[in-house]
Amino acid sequence: MPARQGHALSPIPPADSAAPVHEESSQALKPFQSSISIGVQTTVESQELEVVLQKLALAVEDTSAINQKNGISEVKEARDRLQEALAEGRAMSLSKDQLAAAERQRRRIHNLYQDLKGHLRIYCREMESLKVDGNILEVTLTGDTYEFDGIFDTSSSQEDIFDSSCDLAQSALDGHNVTVFCYGITGAGKTYTMYGAPEADGLAQRMISELFRKVDMNDEKVTISGSMMELYNNHLVDLLRPIDWQGRQNPPLSMKLDKSGNVQVEGLAKERASEEHELQAIFQRGLEQRAVAAHAMNAESSRSHVLFTVYLTKEDSDRTSKLHFCDLGGCERLKKTEVEKDQDRKLEAIEINKSLSALGDVIEAIARKKKYIPYRNHKLTQLLQDALGGTAKALMYVNCSPSSATIRETANALKLANRAKNVVNLASEPCSPTSRGDNYATFEKLMSKDDPK
């Protein structure tokens, strides 16, 4: 049979061999395959984004009714829910505008949570003259009982004490001025609580770490700097600047109020820190210059008040908030220190007691909502006038001595602490002069040359 005219038939390839693909066809398919891949990926990302946005909206809606009437556990749950939703939003690179509503709600509820937690903690060892029942402390010598926001005993670690205050780092980043005090008689453990020891960091070191952790976690752009000063015999000393043999510095430090009503110390060294270890180094360097001296109650007693301050300025704000760590000098009576014959030590003790008395008067006036607050009675209270009352946050740790011989001093410390518990903060925008209410008119007068009438 004659061969069929036309195209020759190609041989059928074996079953186990791949059919040849023309290079032109392969290249033509690649853009199509890529577009399918991108389309699927974009769809998935859009769906994930929509879920996160819905989660943020629901978190804001469901927590909008939270207020001071809710229990502390319910408030904390609402805050944690908002924080979780915001963290997911940041992970999806949402814009500030998309996060704004949830962030405002988180700040409001975080602020409420801090107020409900209270701002007074007691560290003591139960003994015959002090009886502890939960958060209630009884002074058996006087019969007085006090209810505090937390009581720690000798089984509590430095970490336990820090855990009760760590949320204040977020308050400072939110723009509030924050102060942590340690108060009590000499030898009760104030400096150890605040500054720790080589084997156990104190509140200050741990809070520094928490600040940088929060900044990194929230991917915030914050300028951080630190200063440290000492109030010794009613004189301000910059602990980051050289001090001559007479204990003087040139130029001397002076205080004033800025236009926003915040305290500024002219001449004070403020050193920038871009990393945690840099701020820790600033802190340690300042501690090395603190004035200490021996007396009957302590071989190495702090003879001054020390104020370590961290300044926080966010990139999108001209507002600078302050986080103070205030280690107060011992509040014991003069005769307990047995320094009557040593004039230098005697003057130190008198000045410390005068300043603590002035602090008590200020706390009392704020707690009673008086229009005139006696900040100007002492430099200590002048320094802290933008850190007490208003929208500022203050937390006081009172260290109680285990010695029954000093129970009267301990009782006096507890009385001041109980007054501090009655200070109520204003629920408004942080660091705003108008948020100080009636006190702000007095504020401006206090730093003028003439005393207010």
# chains A, B, ... in the order shown; residues from 1 in each chain; ligands from 1
>>> residues_around(residues="range 174-186 of chain A", least_positions_apart="2", cutoff="6 Å", atoms="only C-alpha atoms", output="list in words")
Ser171, Ala172, Ala188, Lys190, Ser321, Lys322, Leu323, His324, Phe325, Cys326, Asp327, Leu328, Gly330, Cys331, Glu332, Ala387, Ala392, Lys393, Ala394, Leu395, Met396, Tyr397, Val398, Asn399, Ala413, Pro430 and Cys431 of chain A
>>> select_by_dssp(residues="range 192-261 of chain A", states="strand (DSSP E)", output="compact mmCIF listing (two decimals) with N, CA and C atoms, in the first residue's frame")
# COMPACT_ATOMS: atom_id res chain seq x y z
N GLY A 196 18.77 47.75 95.27
CA GLY A 196 19.23 46.37 95.29
C GLY A 196 20.64 46.18 95.80
N ALA A 197 21.22 45.08 95.40
CA ALA A 197 22.58 44.69 95.78
C ALA A 197 23.18 43.94 94.60
N ALA A 200 21.17 40.98 93.64
CA ALA A 200 19.72 41.14 93.46
C ALA A 200 19.39 42.57 93.06
N ASP A 201 19.04 42.78 91.80
CA ASP A 201 18.69 44.13 91.33
C ASP A 201 17.47 44.65 92.08
N VAL A 222 11.57 56.46 70.97
CA VAL A 222 11.57 57.26 72.19
C VAL A 222 12.99 57.70 72.51
N THR A 223 13.15 58.98 72.81
CA THR A 223 14.43 59.48 73.28
C THR A 223 14.47 59.33 74.79
N ILE A 224 15.48 58.62 75.28
CA ILE A 224 15.58 58.33 76.71
C ILE A 224 16.87 58.94 77.26
N SER A 225 16.76 59.61 78.38
CA SER A 225 17.94 60.15 79.06
C SER A 225 17.75 60.01 80.56
N GLY A 226 18.84 60.17 81.30
CA GLY A 226 18.78 59.99 82.75
C GLY A 226 19.57 61.05 83.49
N SER A 227 19.16 61.31 84.73
CA SER A 227 19.88 62.22 85.61
C SER A 227 19.79 61.66 87.03
N MET A 228 20.71 62.10 87.88
CA MET A 228 20.64 61.71 89.28
C MET A 228 21.13 62.85 90.14
N MET A 229 20.32 63.21 91.12
CA MET A 229 20.72 64.28 92.04
C MET A 229 20.43 63.89 93.47
N GLU A 230 21.08 64.60 94.35
CA GLU A 230 20.98 64.34 95.77
C GLU A 230 20.56 65.63 96.46
N LEU A 231 19.63 65.51 97.40
CA LEU A 231 19.26 66.65 98.23
C LEU A 231 19.92 66.43 99.59
N TYR A 232 21.01 67.15 99.80
CA TYR A 232 21.82 66.97 101.00
C TYR A 232 21.87 68.28 101.78
N HIS A 235 20.59 71.24 100.01
CA HIS A 235 21.34 71.68 98.84
C HIS A 235 21.25 70.60 97.77
N LEU A 236 21.01 71.04 96.54
CA LEU A 236 20.95 70.10 95.43
C LEU A 236 22.35 69.81 94.90
N VAL A 237 22.64 68.53 94.70
CA VAL A 237 23.94 68.11 94.18
C VAL A 237 23.71 67.21 92.97
N ASP A 238 24.35 67.54 91.86
CA ASP A 238 24.27 66.72 90.65
C ASP A 238 25.27 65.57 90.79
N SER A 254 19.57 75.01 90.15
CA SER A 254 18.43 75.84 90.55
C SER A 254 17.18 75.30 89.88
N MET A 255 16.02 75.56 90.49
CA MET A 255 14.76 75.03 89.99
C MET A 255 13.86 76.13 89.43
N LYS A 256 13.05 75.74 88.45
CA LYS A 256 12.01 76.64 87.93
C LYS A 256 10.93 75.78 87.29
N LEU A 257 9.78 76.42 87.01
CA LEU A 257 8.72 75.76 86.28
C LEU A 257 8.74 76.20 84.83
>>> closest_residue(among="A:Thr142, A:Gly202, A:Asn70, A:Leu239", to="Ser129 in chain A", atoms="only C-alpha atoms")
A:Thr142
>>> atom_distance(atom1="CA of Ser355 in chain A", atom2="CA of Leu416 in chain A")
13.1 Å
>>> closest_atom_pairs(of="range 187-297 of chain A", to="range 85-95 of chain A", cutoff="10 Å", atoms="only C-alpha atoms", output="tab-separated table")
residue	atom	partner	partner_atom	distance
A:Met217	CA	A:Ala87	CA	8.3
A:Asn218	CA	A:Ala87	CA	7.5
A:Asp219	CA	A:Arg90	CA	8.4
>>> residues_around(residues="Ser401 in chain A", least_positions_apart="3", cutoff="8 Å", atoms="only C-alpha atoms", output="PyMOL selection string")
chain A and resi 124-125+184-185+187-189+404+406-407+410
>>> residues_around(residues="Glu77 in chain A", least_positions_apart="5", cutoff="12 Å", atoms="only C-alpha atoms", output="CSV table (one decimal) with C-alpha atoms, in the first residue's frame")
chain,number,residue,atom,x,y,z
A,59,ALA,CA,-11.9,44.9,71.5
A,62,ASP,CA,-16.5,45.5,74.1
A,63,THR,CA,-14.3,47.5,76.6
A,66,ILE,CA,-15.3,49.6,81.4
A,70,ASN,CA,-15.9,47.3,87.4
A,71,GLY,CA,-13.7,45.0,89.5
A,72,ILE,CA,-10.0,45.1,89.1
A,82,LEU,CA,-6.6,45.5,74.0
A,83,GLN,CA,-2.8,44.9,74.4
A,84,GLU,CA,-3.1,41.6,72.6
A,106,ARG,CA,-5.8,50.9,76.1
A,109,ILE,CA,-8.1,51.4,80.8
A,110,HIS,CA,-4.4,51.0,81.8
A,113,TYR,CA,-6.2,49.7,86.3
>>> closest_residue(among="A:Asn250, A:Lys259, A:Gly267, A:Asn234", to="Thr381 in chain A", atoms="only C-alpha atoms")
A:Asn234
>>> closest_residue(among="A:Glu348, A:Glu199, A:Asp80, A:Asp115", to="Val60 in chain A", atoms="only C-alpha atoms")
A:Asp80
>>> select_by_dssp(residues="range 39-263 of chain A", states="helix (DSSP H, G or I)", output="ChimeraX atom specification")
/A:39-63,72-91,96-117,158-163,168-173,190-195,203-218
>>> residues_around(residues="Lys354 in chain A", least_positions_apart="4", cutoff="8 Å", atoms="only C-alpha atoms", output="number ranges by chain")
A: 350, 358, 378
>>> atom_distance(atom1="CA of Glu147 in chain A", atom2="CA of Ala420 in chain A")
12.2 Å
>>> atom_distance(atom1="CA of Glu351 in chain A", atom2="CA of Ser304 in chain A")
8.8 Å
